[in-house]
Amino acid sequence: MTARGGSAAAILRYSENAATLADRYEAIPNEAYYAPVRHLIPVRPCRIVDIGTATGRDARWFAEMGHSVTAVEPVAAFLDAARKTDDRVVWLEDALPDLANLRVRAEVYDYINVAAVWQHLDLQERLRAADTLARLAALGGLLVMALRHGPTPPGMPVYPIDPDDTADLFRRTGFTEVFRAKAQSIQAPNRAAGVTWTWLALRRVGAEK
């Protein structure tokens, strides 16, 4: 696992609170959470990587659809529990921005899921992460991101996200934006605090010329 900067601090914070957070994550219904982008999830079986899988809730959901799923998580407490839930999923300990353990597998993916992760990366980490994700995406593959906006939880490193800047960053690494939607948080406490999300979908079309 390679992580420094904001991502390392976030991993430490999640590790300290994993037991409390696990039940909260598992209670979130996938269909409700992914409603804004549900139409983008492939119907036919494909190669999916779920980056920042936490308890594995989303990875298991993708596997139930018949997809070949790899799930990546840097928090050992989350990953140890997730590994016991579904042997159809390949579980890996790894972290953005570099995903060294995933990249050594030399595989590419048709659908890359990065939900509620990007806010923990600082600017330099985002630059590196965009290059990493471009290397992991098959040509024509989709990268789907849930970008968090709103107040910062106490003690948790969270950085502001501009969706336009994010789309432009990925354009420079060979993606084109195909979908964007705003959404409220489906968790009542976050919604009351003013947390909102932008769903951003980008298709890998090749390197910029």
# chains A, B, ... in the order shown; residues from 1 in each chain; ligands from 1
>>> residues_around(residues="segment 143-154 of chain A", least_positions_apart="2", cutoff="8 Å", atoms="only C-alpha atoms", output="number ranges by chain")
A: 111-119, 137, 141, 156-158, 160-161, 163, 193-204
>>> closest_atom_pairs(of="segment 15-55 of chain A", to="segment 78-87 of chain A", cutoff="9 Å", atoms="only C-alpha atoms", output="JSON lines")
{"residue": "A:Ser15", "atom": "CA", "partner": "A:Phe78", "partner_atom": "CA", "distance": 8.1}
{"residue": "A:Ala18", "atom": "CA", "partner": "A:Phe78", "partner_atom": "CA", "distance": 6.6}
{"residue": "A:Ala19", "atom": "CA", "partner": "A:Phe78", "partner_atom": "CA", "distance": 8.4}
{"residue": "A:Ala22", "atom": "CA", "partner": "A:Phe78", "partner_atom": "CA", "distance": 7.4}
{"residue": "A:Thr53", "atom": "CA", "partner": "A:Leu79", "partner_atom": "CA", "distance": 8.3}
{"residue": "A:Ala54", "atom": "CA", "partner": "A:Phe78", "partner_atom": "CA", "distance": 5.4}
{"residue": "A:Thr55", "atom": "CA", "partner": "A:Phe78", "partner_atom": "CA", "distance": 5.1}
>>> write_last_selection(atoms="C-alpha atoms", output="PDB file, in the first residue's frame")
ATOM      1  CA  SER A  15      -8.713   2.932  10.671  1.00  0.00           C
ATOM      2  CA  ALA A  18     -13.642   1.444  11.279  1.00  0.00           C
ATOM      3  CA  ALA A  19     -15.878  -0.403  13.731  1.00  0.00           C
ATOM      4  CA  ALA A  22     -18.790  -0.244   9.055  1.00  0.00           C
ATOM      5  CA  THR A  53     -14.364  -0.359  -1.340  1.00  0.00           C
ATOM      6  CA  ALA A  54     -14.486   0.023   2.479  1.00  0.00           C
ATOM      7  CA  THR A  55     -16.720  -2.818   3.722  1.00  0.00           C
TER       8      THR A  55
END
>>> closest_residue(among="A:Gly155, A:Pro189, A:Gly140, A:Pro74", to="Ile51 of chain A", atoms="only C-alpha atoms")
A:Pro74
>>> residues_around(residues="Asp168 of chain A", least_positions_apart="3", cutoff="12 Å", atoms="only C-alpha atoms", output="PyMOL selection string")
chain A and resi 127+130+162-165+171-177+200+202+208
>>> write_last_selection(atoms="N, CA and C atoms", output="JSON list (two decimals), in the first residue's frame")
[["chain", "number", "residue", "atom", "x", "y", "z"],
["A", 127, "LEU", "N", -3.16, 14.67, -9.14],
["A", 127, "LEU", "CA", -2.43, 14.62, -10.41],
["A", 127, "LEU", "C", -1.89, 13.21, -10.65],
["A", 130, "ALA", "N", -4.84, 10.64, -11.28],
["A", 130, "ALA", "CA", -5.44, 10.70, -12.61],
["A", 130, "ALA", "C", -4.62, 9.88, -13.60],
["A", 162, "ASP", "N", -13.58, 20.81, -7.31],
["A", 162, "ASP", "CA", -14.27, 21.52, -8.39],
["A", 162, "ASP", "C", -14.52, 20.51, -9.51],
["A", 163, "PRO", "N", -15.77, 20.17, -9.81],
["A", 163, "PRO", "CA", -16.03, 19.18, -10.85],
["A", 163, "PRO", "C", -15.47, 19.56, -12.21],
["A", 164, "ASP", "N", -15.47, 20.85, -12.54],
["A", 164, "ASP", "CA", -14.92, 21.28, -13.83],
["A", 164, "ASP", "C", -13.42, 21.01, -13.88],
["A", 165, "ASP", "N", -12.71, 21.35, -12.79],
["A", 165, "ASP", "CA", -11.28, 21.10, -12.74],
["A", 165, "ASP", "C", -10.99, 19.59, -12.80],
["A", 171, "ARG", "N", -9.45, 14.86, -18.67],
["A", 171, "ARG", "CA", -9.37, 15.06, -20.13],
["A", 171, "ARG", "C", -7.91, 15.02, -20.58],
["A", 172, "ARG", "N", -7.03, 15.58, -19.76],
["A", 172, "ARG", "CA", -5.61, 15.61, -20.13],
["A", 172, "ARG", "C", -4.96, 14.24, -20.04],
["A", 173, "THR", "N", -5.63, 13.29, -19.40],
["A", 173, "THR", "CA", -5.08, 11.94, -19.33],
["A", 173, "THR", "C", -5.83, 10.96, -20.22],
["A", 174, "GLY", "N", -6.67, 11.49, -21.12],
["A", 174, "GLY", "CA", -7.28, 10.62, -22.13],
["A", 174, "GLY", "C", -8.72, 10.27, -21.92],
["A", 175, "PHE", "N", -9.43, 11.00, -21.04],
["A", 175, "PHE", "CA", -10.85, 10.75, -20.81],
["A", 175, "PHE", "C", -11.69, 11.88, -21.39],
["A", 176, "THR", "N", -12.94, 11.57, -21.68],
["A", 176, "THR", "CA", -13.90, 12.61, -22.04],
["A", 176, "THR", "C", -15.13, 12.46, -21.15],
["A", 177, "GLU", "N", -15.66, 13.58, -20.70],
["A", 177, "GLU", "CA", -16.83, 13.54, -19.83],
["A", 177, "GLU", "C", -18.07, 13.11, -20.61],
["A", 200, "LEU", "N", -19.73, 12.12, -11.55],
["A", 200, "LEU", "CA", -19.02, 12.44, -12.78],
["A", 200, "LEU", "C", -18.61, 11.14, -13.46],
["A", 202, "LEU", "N", -16.66, 9.53, -16.89],
["A", 202, "LEU", "CA", -15.72, 9.86, -17.96],
["A", 202, "LEU", "C", -15.34, 8.59, -18.71],
["A", 208, "GLU", "N", -4.34, 12.53, -24.87],
["A", 208, "GLU", "CA", -4.52, 13.82, -25.53],
["A", 208, "GLU", "C", -3.38, 14.07, -26.51]]
>>> residues_around(residues="Ala95 of chain A", least_positions_apart="4", cutoff="9 Å", atoms="only C-alpha atoms", output="list in words")
Met1, Thr2, Ala3, Ser7, Ala8, Ile11, Ile51, Gly52, Val72, Glu73, Pro74, Val75, Leu99, Ala100, Asn101 and Leu102 of chain A
>>> select_by_dssp(residues="segment 147-201 of chain A", states="strand (DSSP E)", output="PyMOL selection string")
chain A and resi 147-149+175-184+196-201
>>> residues_around(residues="Ala59 of chain A", least_positions_apart="2", cutoff="7 Å", atoms="only C-alpha atoms", output="PDB file with N, CA, C and O atoms, in the first residue's frame")
ATOM      1  N   ASP A  50     -13.396  -1.617  -7.942  1.00  0.00           N
ATOM      2  CA  ASP A  50     -14.013  -0.723  -6.963  1.00  0.00           C
ATOM      3  C   ASP A  50     -12.910  -0.212  -6.056  1.00  0.00           C
ATOM      4  O   ASP A  50     -12.373  -0.951  -5.232  1.00  0.00           O
ATOM      5  N   THR A  53     -13.159   0.461  -1.502  1.00  0.00           N
ATOM      6  CA  THR A  53     -14.364  -0.359  -1.340  1.00  0.00           C
ATOM      7  C   THR A  53     -14.908  -0.370   0.076  1.00  0.00           C
ATOM      8  O   THR A  53     -16.057  -0.749   0.298  1.00  0.00           O
ATOM      9  N   GLY A  56     -16.816  -3.358   1.359  1.00  0.00           N
ATOM     10  CA  GLY A  56     -17.064  -4.240   0.224  1.00  0.00           C
ATOM     11  C   GLY A  56     -18.503  -4.263  -0.242  1.00  0.00           C
ATOM     12  O   GLY A  56     -18.863  -5.061  -1.117  1.00  0.00           O
ATOM     13  N   ARG A  57     -19.334  -3.392   0.313  1.00  0.00           N
ATOM     14  CA  ARG A  57     -20.762  -3.375  -0.036  1.00  0.00           C
ATOM     15  C   ARG A  57     -20.978  -3.247  -1.537  1.00  0.00           C
ATOM     16  O   ARG A  57     -21.722  -4.027  -2.137  1.00  0.00           O
ATOM     17  N   TRP A  61     -22.152  -6.062  -4.589  1.00  0.00           N
ATOM     18  CA  TRP A  61     -23.299  -5.714  -5.445  1.00  0.00           C
ATOM     19  C   TRP A  61     -22.937  -5.902  -6.908  1.00  0.00           C
ATOM     20  O   TRP A  61     -23.695  -6.499  -7.682  1.00  0.00           O
ATOM     21  N   PHE A  62     -21.760  -5.423  -7.289  1.00  0.00           N
ATOM     22  CA  PHE A  62     -21.313  -5.606  -8.671  1.00  0.00           C
ATOM     23  C   PHE A  62     -21.134  -7.091  -8.995  1.00  0.00           C
ATOM     24  O   PHE A  62     -21.475  -7.539 -10.098  1.00  0.00           O
ATOM     25  N   ALA A  63     -20.593  -7.848  -8.059  1.00  0.00           N
ATOM     26  CA  ALA A  63     -20.402  -9.287  -8.286  1.00  0.00           C
ATOM     27  C   ALA A  63     -21.738  -9.994  -8.448  1.00  0.00           C
ATOM     28  O   ALA A  63     -21.864 -10.924  -9.263  1.00  0.00           O
ATOM     29  N   VAL A  69     -15.032  -8.746 -10.478  1.00  0.00           N
ATOM     30  CA  VAL A  69     -14.800  -7.583  -9.619  1.00  0.00           C
ATOM     31  C   VAL A  69     -13.497  -7.707  -8.842  1.00  0.00           C
ATOM     32  O   VAL A  69     -13.222  -8.737  -8.211  1.00  0.00           O
ATOM     33  N   ALA A  71     -11.665  -5.466  -5.803  1.00  0.00           N
ATOM     34  CA  ALA A  71     -11.971  -4.429  -4.815  1.00  0.00           C
ATOM     35  C   ALA A  71     -10.694  -4.032  -4.092  1.00  0.00           C
ATOM     36  O   ALA A  71      -9.933  -4.884  -3.628  1.00  0.00           O
TER      37      ALA A  71
END
>>> atom_distance(atom1="atom CA of Arg126 of chain A", atom2="atom CA of Leu40 of chain A")
23.7 Å
>>> select_by_dssp(residues="segment 19-195 of chain A", states="helix (DSSP H, G or I)", output="PDB file with C-alpha atoms, in the first residue's frame")
ATOM      1  CA  ALA A  19     -15.878  -0.403  13.731  1.00  0.00           C
ATOM      2  CA  THR A  20     -18.286   2.527  14.026  1.00  0.00           C
ATOM      3  CA  LEU A  21     -18.312   3.314  10.324  1.00  0.00           C
ATOM      4  CA  ALA A  22     -18.790  -0.244   9.055  1.00  0.00           C
ATOM      5  CA  ASP A  23     -22.398  -0.556  10.185  1.00  0.00           C
ATOM      6  CA  ARG A  24     -23.209   2.868   8.758  1.00  0.00           C
ATOM      7  CA  TYR A  25     -21.798   1.956   5.347  1.00  0.00           C
ATOM      8  CA  GLU A  26     -23.527  -1.411   5.231  1.00  0.00           C
ATOM      9  CA  ASN A  30     -26.863   0.449  -3.256  1.00  0.00           C
ATOM     10  CA  GLU A  31     -29.800   1.180  -5.534  1.00  0.00           C
ATOM     11  CA  ALA A  32     -30.500   4.457  -3.723  1.00  0.00           C
ATOM     12  CA  TYR A  33     -26.871   5.518  -3.519  1.00  0.00           C
ATOM     13  CA  ALA A  35     -29.478   5.999  -8.532  1.00  0.00           C
ATOM     14  CA  PRO A  36     -27.946   8.971 -10.427  1.00  0.00           C
ATOM     15  CA  VAL A  37     -25.578   6.670 -12.360  1.00  0.00           C
ATOM     16  CA  ARG A  38     -27.438   3.370 -12.259  1.00  0.00           C
ATOM     17  CA  HIS A  39     -27.976   3.527 -16.028  1.00  0.00           C
ATOM     18  CA  LEU A  40     -24.213   3.644 -16.583  1.00  0.00           C
ATOM     19  CA  ARG A  57     -20.762  -3.375  -0.036  1.00  0.00           C
ATOM     20  CA  ASP A  58     -20.502  -2.063  -3.586  1.00  0.00           C
ATOM     21  CA  ALA A  59     -18.062  -4.730  -4.761  1.00  0.00           C
ATOM     22  CA  ARG A  60     -20.439  -7.482  -3.655  1.00  0.00           C
ATOM     23  CA  TRP A  61     -23.299  -5.714  -5.445  1.00  0.00           C
ATOM     24  CA  PHE A  62     -21.313  -5.606  -8.671  1.00  0.00           C
ATOM     25  CA  ALA A  63     -20.402  -9.287  -8.286  1.00  0.00           C
ATOM     26  CA  GLU A  64     -24.068 -10.180  -7.798  1.00  0.00           C
ATOM     27  CA  ALA A  76      -7.003  -3.196   6.981  1.00  0.00           C
ATOM     28  CA  ALA A  77      -9.959  -3.461   9.359  1.00  0.00           C
ATOM     29  CA  PHE A  78     -12.419  -2.908   6.521  1.00  0.00           C
ATOM     30  CA  LEU A  79     -10.604  -5.232   4.161  1.00  0.00           C
ATOM     31  CA  ASP A  80     -10.205  -8.096   6.644  1.00  0.00           C
ATOM     32  CA  ALA A  81     -13.967  -8.118   7.213  1.00  0.00           C
ATOM     33  CA  ALA A  82     -14.792  -7.717   3.517  1.00  0.00           C
ATOM     34  CA  ALA A 100       1.010  -0.070  -6.747  1.00  0.00           C
ATOM     35  CA  ASN A 101      -0.387  -3.479  -5.770  1.00  0.00           C
ATOM     36  CA  LEU A 102      -3.197  -3.219  -8.302  1.00  0.00           C
ATOM     37  CA  ARG A 103      -1.024  -1.963 -11.131  1.00  0.00           C
ATOM     38  CA  TRP A 118     -11.394  11.871  -4.306  1.00  0.00           C
ATOM     39  CA  GLN A 119     -12.001  14.382  -1.473  1.00  0.00           C
ATOM     40  CA  HIS A 120      -9.223  12.802   0.573  1.00  0.00           C
ATOM     41  CA  LEU A 123      -3.779  18.437  -5.377  1.00  0.00           C
ATOM     42  CA  GLN A 124      -0.494  16.645  -6.002  1.00  0.00           C
ATOM     43  CA  GLU A 125      -2.060  13.295  -5.179  1.00  0.00           C
ATOM     44  CA  ARG A 126      -4.910  13.978  -7.608  1.00  0.00           C
ATOM     45  CA  LEU A 127      -2.434  14.618 -10.409  1.00  0.00           C
ATOM     46  CA  ARG A 128      -0.765  11.272  -9.739  1.00  0.00           C
ATOM     47  CA  ALA A 129      -4.084   9.493  -9.265  1.00  0.00           C
ATOM     48  CA  ALA A 130      -5.437  10.701 -12.610  1.00  0.00           C
ATOM     49  CA  ASP A 131      -2.445   9.171 -14.366  1.00  0.00           C
ATOM     50  CA  THR A 132      -2.856   5.937 -12.384  1.00  0.00           C
ATOM     51  CA  LEU A 133      -6.530   5.618 -13.285  1.00  0.00           C
ATOM     52  CA  ALA A 134      -5.837   6.304 -16.953  1.00  0.00           C
ATOM     53  CA  ARG A 135      -3.407   3.374 -16.988  1.00  0.00           C
ATOM     54  CA  LEU A 136      -6.035   1.105 -15.437  1.00  0.00           C
ATOM     55  CA  PRO A 163     -16.026  19.177 -10.853  1.00  0.00           C
ATOM     56  CA  ASP A 164     -14.917  21.278 -13.827  1.00  0.00           C
ATOM     57  CA  ASP A 165     -11.276  21.095 -12.741  1.00  0.00           C
ATOM     58  CA  THR A 166     -11.653  17.364 -12.157  1.00  0.00           C
ATOM     59  CA  ALA A 167     -13.112  16.775 -15.609  1.00  0.00           C
ATOM     60  CA  ASP A 168     -10.335  18.859 -17.164  1.00  0.00           C
ATOM     61  CA  LEU A 169      -7.654  16.930 -15.286  1.00  0.00           C
ATOM     62  CA  PHE A 170      -8.962  13.647 -16.629  1.00  0.00           C
ATOM     63  CA  ARG A 171      -9.372  15.056 -20.128  1.00  0.00           C
ATOM     64  CA  ALA A 188     -29.756  12.188   6.901  1.00  0.00           C
ATOM     65  CA  PRO A 189     -27.010  13.628   9.155  1.00  0.00           C
ATOM     66  CA  ASN A 190     -24.856  14.546   6.168  1.00  0.00           C
ATOM     67  CA  ARG A 191     -27.827  15.981   4.308  1.00  0.00           C
ATOM     68  CA  ALA A 192     -28.706  18.125   7.321  1.00  0.00           C
ATOM     69  CA  ALA A 193     -25.104  19.332   7.466  1.00  0.00           C
TER      70      ALA A 193
END
>>> atom_distance(atom1="atom CA of Met65 of chain A", atom2="atom CA of Leu142 of chain A")
16.9 Å
>>> atom_distance(atom1="atom CA of Ser185 of chain A", atom2="atom CA of Ala27 of chain A")
13.8 Å
